[in-house]
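Listing of structure.txt; format and content: compact mmCIF, C-alpha atoms.
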# COMPACT_ATOMS: atom_id res chain seq x y z
CA MET A 1 -33.26 22.94 -12.37
CA LYS A 2 -31.27 26.11 -13.02
CA THR A 3 -33.77 28.82 -12.06
CA LEU A 4 -32.03 31.64 -13.94
CA ALA A 5 -31.91 29.63 -17.17
CA PHE A 6 -35.57 28.66 -16.81
CA VAL A 7 -36.67 32.27 -16.22
CA ALA A 8 -34.63 33.44 -19.22
CA ILE A 9 -36.17 30.75 -21.42
CA VAL A 10 -39.81 31.52 -20.58
CA LEU A 11 -39.37 35.31 -20.65
CA ILE A 12 -37.51 35.43 -23.98
CA SER A 13 -39.69 32.86 -25.71
CA GLY A 14 -42.92 34.43 -24.42
CA ALA A 15 -41.88 37.98 -25.33
CA SER A 16 -40.66 36.90 -28.78
CA ALA A 17 -43.87 35.01 -29.51
CA GLY A 18 -45.91 37.98 -28.25
CA LEU A 19 -44.00 40.32 -30.55
CA ILE A 20 -44.71 38.07 -33.53
CA HIS A 21 -48.37 37.89 -32.52
CA GLY A 22 -48.51 41.67 -32.36
CA ALA A 23 -46.89 42.03 -35.77
CA VAL A 24 -49.33 39.54 -37.32
CA ASN A 25 -52.25 41.36 -35.72
CA MET A 26 -50.99 44.69 -37.02
CA LEU A 27 -50.80 43.29 -40.54
CA LEU A 28 -53.94 41.13 -40.65
CA VAL A 29 -56.36 42.16 -37.90
CA GLU A 30 -56.01 45.94 -37.65
CA PRO A 31 -57.51 46.64 -41.12
CA TYR A 32 -60.71 44.92 -39.96
CA LEU A 33 -60.68 46.94 -36.75
CA ASP A 34 -60.35 50.10 -38.83
CA SER A 35 -63.43 49.07 -40.81
CA ALA A 36 -65.38 48.24 -37.64
CA THR A 37 -64.56 51.53 -35.94
CA GLU A 38 -65.46 53.45 -39.10
CA ILE A 39 -68.90 51.81 -39.03
CA GLU A 40 -69.24 53.05 -35.46
CA ASN A 41 -68.18 56.54 -36.58
CA GLN A 42 -70.79 56.56 -39.32
CA SER A 43 -73.45 55.60 -36.76
CA LEU A 44 -72.39 58.54 -34.60
CA PHE A 45 -72.61 60.90 -37.56
CA ALA A 46 -76.04 59.57 -38.55
CA SER A 47 -77.39 59.95 -35.02
CA GLY A 48 -76.05 63.50 -34.67
CA LEU A 49 -73.89 62.63 -31.67
CA ALA A 50 -70.78 63.64 -33.62
CA GLN A 51 -69.88 65.50 -36.80
CA ASP A 52 -67.48 64.38 -39.50
CA THR A 53 -65.06 67.29 -39.12
CA ALA A 54 -61.31 67.62 -39.54
CA GLU A 55 -61.00 67.97 -35.77
CA PHE A 56 -62.92 64.73 -35.20
CA ARG A 57 -60.79 62.88 -37.75
CA ALA A 58 -57.54 64.16 -36.23
CA GLU A 59 -58.63 63.05 -32.77
CA TYR A 60 -59.81 59.71 -34.11
CA GLU A 61 -56.59 59.02 -36.03
CA GLY A 62 -54.51 59.93 -32.99
CA TYR A 63 -56.52 57.57 -30.81
CA ARG A 64 -56.22 54.71 -33.30
CA SER A 65 -52.46 55.27 -33.59
CA TRP A 66 -52.19 55.09 -29.80
CA GLN A 67 -54.26 51.90 -29.79
CA LYS A 68 -52.07 50.25 -32.42
CA SER A 69 -48.81 51.10 -30.66
CA GLY A 70 -50.26 49.92 -27.36
CA MET A 71 -51.42 46.69 -28.98
CA ILE A 72 -47.83 45.65 -29.71
CA LEU A 73 -46.80 46.26 -26.11
CA GLY A 74 -49.91 44.46 -24.91
CA THR A 75 -49.19 41.33 -26.94
CA VAL A 76 -45.61 41.25 -25.62
CA VAL A 77 -46.82 41.49 -22.01
CA LEU A 78 -49.51 38.88 -22.67
CA GLY A 79 -46.92 36.70 -24.40
CA ILE A 80 -44.69 36.82 -21.33
CA SER A 81 -47.62 35.87 -19.08
CA ILE A 82 -48.80 32.96 -21.22
CA GLY A 83 -45.21 31.98 -22.00
CA SER A 84 -44.50 31.67 -18.27
CA LEU A 85 -47.49 29.38 -17.80
CA PHE A 86 -46.47 27.42 -20.88
CA GLY A 87 -42.92 27.03 -19.55
CA ILE A 88 -44.11 25.76 -16.17
CA ILE A 89 -46.42 23.21 -17.80
CA PHE A 90 -43.64 22.15 -20.17
CA ALA A 91 -41.21 21.65 -17.28
CA LEU A 92 -43.74 19.50 -15.42
CA SER A 93 -44.86 17.42 -18.40
CA ARG A 94 -41.71 17.33 -20.57
CA ASN A 95 -40.90 13.67 -19.99
CA SER A 96 -44.40 12.50 -20.92
CA LEU A 97 -44.77 14.60 -24.08
CA PRO A 98 -44.37 12.96 -27.51
CA GLY A 99 -41.21 13.61 -29.50
CA GLN A 100 -37.50 12.87 -29.32
CA SER A 101 -36.29 16.44 -28.88
CA ASP A 102 -37.22 19.44 -26.76
CA VAL A 103 -38.39 21.33 -29.84
CA LYS A 104 -40.78 18.56 -30.86
CA LYS A 105 -42.03 18.18 -27.28
CA SER A 106 -42.55 21.91 -26.88
CA PHE A 107 -44.34 22.14 -30.22
CA ALA A 108 -46.59 19.22 -29.26
CA LEU A 109 -47.55 20.92 -25.99
CA ALA A 110 -48.19 24.18 -27.82
CA GLY A 111 -50.52 22.34 -30.20
CA ILE A 112 -52.44 20.76 -27.33
CA MET A 113 -52.84 24.08 -25.49
CA TRP A 114 -53.73 25.90 -28.72
CA PHE A 115 -56.53 23.42 -29.35
CA ALA A 116 -57.88 23.21 -25.79
CA LEU A 117 -57.52 26.86 -24.77
CA PHE A 118 -58.23 28.59 -28.07
CA VAL A 119 -59.79 26.49 -30.85
CA VAL A 120 -62.49 24.78 -28.78
CA PRO A 121 -63.65 27.98 -26.98
CA PHE A 122 -63.41 29.89 -30.28
CA LEU A 123 -65.85 27.47 -31.91
CA LYS A 124 -68.45 28.26 -29.24
CA TYR A 125 -67.71 31.96 -28.79
CA PRO A 126 -65.89 33.24 -31.90
CA ALA A 127 -64.17 36.60 -31.72
CA ASN A 128 -65.92 39.80 -32.75
CA PRO A 129 -64.40 43.26 -33.30
CA PRO A 130 -64.36 45.33 -30.08
CA THR A 131 -66.99 47.71 -31.49
CA ILE A 132 -69.48 44.86 -31.97
CA GLY A 133 -71.70 44.11 -28.99
CA GLU A 134 -73.44 46.03 -26.24
CA ALA A 135 -71.46 47.45 -23.33
CA ASP A 136 -74.08 46.09 -20.92
CA THR A 137 -73.30 42.51 -21.97
CA LEU A 138 -69.50 42.77 -21.83
CA ALA A 139 -69.20 41.21 -18.37
CA LEU A 140 -71.52 38.35 -19.34
CA ARG A 141 -69.71 37.69 -22.62
CA THR A 142 -66.34 37.71 -20.86
CA ALA A 143 -67.59 35.34 -18.15
CA LEU A 144 -69.01 32.92 -20.72
CA TYR A 145 -65.80 32.82 -22.73
CA VAL A 146 -63.52 32.44 -19.69
CA SER A 147 -65.79 29.70 -18.31
CA PHE A 148 -65.54 27.76 -21.56
CA VAL A 149 -61.75 28.13 -21.58
CA VAL A 150 -61.61 26.77 -18.01
CA ILE A 151 -63.92 23.85 -18.84
CA SER A 152 -61.90 22.93 -21.93
CA GLY A 153 -58.51 23.40 -20.26
CA LEU A 154 -59.31 21.49 -17.07
CA GLY A 155 -61.11 18.83 -19.08
CA ALA A 156 -58.05 18.32 -21.27
CA VAL A 157 -55.81 17.98 -18.19
CA CYS A 158 -58.13 15.54 -16.41
CA PHE A 159 -58.70 13.29 -19.40
CA TYR A 160 -54.98 13.40 -20.25
CA LYS A 161 -54.23 12.16 -16.72
CA LEU A 162 -56.85 9.46 -17.23
CA SER A 163 -55.22 8.39 -20.50
CA LYS A 164 -51.93 7.80 -18.68
CA ILE A 165 -53.45 5.14 -16.43
CA LEU A 166 -55.63 3.45 -19.03
CA PRO A 167 -54.33 0.38 -20.92
CA SER A 168 -52.95 1.08 -24.39
CA GLY A 169 -56.01 -0.29 -26.13
CA LYS A 170 -58.41 1.87 -24.12
CA LYS A 171 -56.71 5.27 -24.23
CA ILE A 172 -59.22 6.35 -26.87
CA LEU A 173 -61.78 6.41 -24.03
CA ALA A 174 -60.06 9.48 -22.59
CA LEU A 175 -60.39 11.31 -25.90
CA ALA A 176 -64.03 10.25 -26.16
CA GLY A 177 -64.63 11.52 -22.62
CA TYR A 178 -63.17 14.92 -23.46
CA ALA A 179 -65.26 15.11 -26.63
CA MET A 180 -68.39 14.26 -24.63
CA LEU A 181 -67.60 16.92 -22.02
CA ILE A 182 -67.16 19.58 -24.69
CA SER A 183 -70.33 18.47 -26.47
CA VAL A 184 -72.32 18.87 -23.25
CA ALA A 185 -70.74 22.28 -22.63
CA PHE A 186 -71.66 23.37 -26.16
CA ALA A 187 -75.25 22.32 -25.62
CA VAL A 188 -75.69 23.70 -22.09
CA MET A 189 -73.87 27.02 -22.17
CA PRO A 190 -75.83 29.98 -23.62
CA GLU A 191 -75.10 31.60 -26.95
CA ASN A 192 -73.50 35.01 -27.35
CA PRO A 193 -76.22 37.46 -26.22
CA ASP A 194 -75.40 40.11 -28.83
CA LYS A 195 -76.85 40.05 -32.33
CA ILE A 196 -74.47 40.67 -35.23
CA THR A 197 -75.74 43.58 -37.30
CA VAL A 198 -72.70 44.40 -39.46
CA HIS A 199 -71.84 42.83 -42.81
CA ALA A 200 -70.99 39.12 -42.60
CA ASP A 201 -67.79 39.58 -44.64
CA LEU A 202 -66.35 41.89 -41.98
CA ILE A 203 -67.11 39.48 -39.14
CA THR A 204 -65.86 36.42 -41.05
CA GLY A 205 -62.67 38.14 -42.14
CA PHE A 206 -61.97 39.41 -38.63
CA ARG A 207 -62.47 35.97 -37.12
CA ILE A 208 -60.19 34.27 -39.65
CA MET A 209 -57.44 36.83 -39.17
CA SER A 210 -57.81 36.67 -35.38
CA MET A 211 -57.39 32.90 -35.55
CA LEU A 212 -54.25 33.31 -37.64
CA GLY A 213 -52.89 35.83 -35.13
CA ILE A 214 -53.45 33.58 -32.11
CA THR A 215 -52.10 30.58 -34.01
CA SER A 216 -48.93 32.51 -34.84
CA PHE A 217 -48.37 32.98 -31.11
CA TRP A 218 -48.74 29.30 -30.22
CA VAL A 219 -46.53 28.19 -33.11
CA SER A 220 -43.89 30.75 -32.13
CA VAL A 221 -43.88 30.04 -28.40
CA GLY A 222 -43.66 26.30 -29.07
CA VAL A 223 -40.68 26.69 -31.38
CA PHE A 224 -38.87 29.35 -29.35
CA LEU A 225 -39.21 27.62 -25.99
CA GLY A 226 -38.05 24.32 -27.47
CA LEU A 227 -35.02 25.93 -29.11
CA PHE A 228 -34.03 27.94 -26.04
CA TRP A 229 -34.59 24.93 -23.79
CA SER A 230 -32.25 22.85 -25.94
CA ARG A 231 -29.64 25.60 -25.98
CA LEU A 232 -29.72 26.72 -22.32
CA ASP A 233 -30.84 23.35 -20.89
CA PRO A 234 -32.03 24.23 -17.35
CA TYR A 235 -31.79 20.52 -16.48
CA LYS A 236 -28.18 20.21 -17.59
CA GLY A 237 -26.40 17.64 -15.48
CA THR A 238 -29.56 15.61 -14.81
CA PRO A 239 -30.54 12.54 -16.84
CA ARG A 240 -33.20 12.96 -19.50
CA THR A 241 -36.02 10.51 -20.00
CA TYR A 242 -37.96 10.46 -23.25
CA ASN A 243 -41.06 8.27 -23.53

Mind turning the file's structure into structure tokens?
Amino acid sequence: MKTLAFVAIVLISGASAGLIHGAVNMLLVEPYLDSATEIENQSLFASGLAQDTAEFRAEYEGYRSWQKSGMILGTVVLGISIGSLFGIIFALSRNSLPGQSDVKKSFALAGIMWFALFVVPFLKYPANPPTIGEADTLALRTALYVSFVVISGLGAVCFYKLSKILPSGKKILALAGYAMLISVAFAVMPENPDKITVHADLITGFRIMSMLGITSFWVSVGVFLGLFWSRLDPYKGTPRTYN
């Protein structure tokens, strides 16, 4: 493999997908964050811990502007990190992925990782705005979510490996095994410890837009990596094998 070409592929595709993710978040998710933080502001005013003054608003608007600009940079950095992992997994599994082109194979892998690392954990622990939830439970909530991601991700890998050695007529057993593992995890792992006290429309809208934002990343990284892989071809000069 040409190392330089591989590094260029994963960095460019990851950063590009992260930038798209950030742009989608800015357009779809940030309005819900504005609403959530305003609810927090109103609680501060009602409790007397803060006053709704011009000085407070100026400081608040400056902080939110800084958050929004930092969010774009954050999604690019995160995109590079996840894109690097995605590229490594793609390089290792490329010959066994479905599809007759690198773009189709990359998109298939992106779909698998999107489902195992995002959709399944999201169903158990759906996203809430940052202002929702107690600070004392943050570590627990983070640990629960990360644990579910690990269970789903490792489970998908293990049962995929199992499917490769099973006869054609019994490969469905691997899928059934993964479904059973996730069902047990759903039943055993505790619920989110924080109660939702804000309006349901805000939470529902935020979760839908968050899902669209994450999905935009996985679609983008799948397409970009496949296109760049086909163009730069880090395996150029070595025979390709498509199953």

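Using all atoms listed in the file for every distance, the candidate list A:Phe206, A:Phe228, A:Trp218, A:Phe56 yields A:Phe206 as the residue closest to A:Tyr32.
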
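Proximity ranking of A:Lys171, A:Gly226, A:Leu232, A:Glu191 relative to A:Gln100 places A:Gly226 first, based on all atoms listed in the file.
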
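Closest approach to A:Val119 among A:Leu73, A:Val223, A:Ala135, A:Ile208 is made by A:Ile208 (distances from only C-alpha atoms).
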
Practice item. Just give me the residues with any atom within 8 Å of (-60.0, 21.9, -26.0), file coordinates, counting only C-alpha atoms, written as a list in words. Key: Ile112, Met113, Trp114, Phe115, Ala116, Leu117, Phe118, Val119, Val120, Pro121, Val149, Ser152, Gly153, Gly155, Ala156 and Ile182 of chain A

Exercise for review: Rank A:Met71, A:Leu202, A:Val221, A:Ile165 by their smallest atom-to-atom distance to A:Asp34, using only C-alpha atoms, and report the top residue only.
Suggested key: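 Comparing A:Met71, A:Leu202, A:Val221, A:Ile165 against A:Asp34, the winner is A:Leu202.
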
Review point. Could you state the separation of atom CA of A:Val29 and atom CA of A:Met209 in Å, given to one decimal place?
Key: 5.6 Å

Practice item. Could you jot down the atom CA of A:Leu78 to atom CA of A:Val157 separation for me, Å, one decimal place? Key: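 Atom-to-atom, atom CA of A:Leu78 to atom CA of A:Val157, that is 22.3 Å.
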
Counting only C-alpha atoms, what is within 12 Å of A:Glu61, bar same-chain residues fewer than 6 positions away, as an mmCIF file with C-alpha atoms, in the frame of the given file?
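Produced file around.cif, reproduced below:
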data_model
loop_
_atom_site.group_PDB
_atom_site.id
_atom_site.type_symbol
_atom_site.label_atom_id
_atom_site.label_comp_id
_atom_site.auth_asym_id
_atom_site.auth_seq_id
_atom_site.Cartn_x
_atom_site.Cartn_y
_atom_site.Cartn_z
ATOM 1 C CA ASP A 34 -60.350 50.100 -38.830
ATOM 2 C CA THR A 37 -64.560 51.530 -35.940
ATOM 3 C CA GLU A 38 -65.460 53.450 -39.100
ATOM 4 C CA ASN A 41 -68.180 56.540 -36.580
ATOM 5 C CA ALA A 54 -61.310 67.620 -39.540
ATOM 6 C CA GLU A 55 -61.000 67.970 -35.770
ATOM 7 C CA GLN A 67 -54.260 51.900 -29.790
ATOM 8 C CA LYS A 68 -52.070 50.250 -32.420
#

Point to revise | Who sits within 8 Å of A:Phe107, only C-alpha atoms, same chain under 3 positions skipped, as a list in words | key: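 My list of contacting residues is Val103, Lys104, Ala110, Gly111, Val219, Gly222, Val223 and Gly226 of chain A.
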
Point to revise | Within 12 Å of A:Glu40 using only C-alpha atoms, minus same-chain residues under 3 positions, as a VMD selection string | key: chain A and resid 33 to 37 43 to 47 49 to 50 60 129 to 133 197 to 198

**Study point:** Exercise: A:Tyr145 partners within 9 Å, all atoms listed in the file, chain neighbours under 4 positions left out, as number ranges by chain
**Key:** A: 121-122, 124-125, 140-141, 149-150

**Study point:** Long-range neighbours of A:Ala174 as a ChimeraX atom specification, 10 Å cut-off, only C-alpha atoms, 6 positions minimum in chain
**Key:** /A:156,158-164,166,180

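Atom CA of A:Glu30 to atom CA of A:Asp201 spans 15.1 Å [interatomic distance, one decimal].
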
Review point. Given the choices A:Pro193, A:Gly74, A:Gly87, A:Pro234, which gets closest to A:Glu134 if the distance is worked out from all atoms listed in the file?
Key: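 Using all atoms listed in the file, A:Glu134 sits closest to A:Pro193.
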
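Proximity to A:Leu109 was assessed for A:Ser230, A:Leu225, A:Trp66, A:Ala23 counting only C-alpha atoms; the smallest distance is recorded for A:Leu225.
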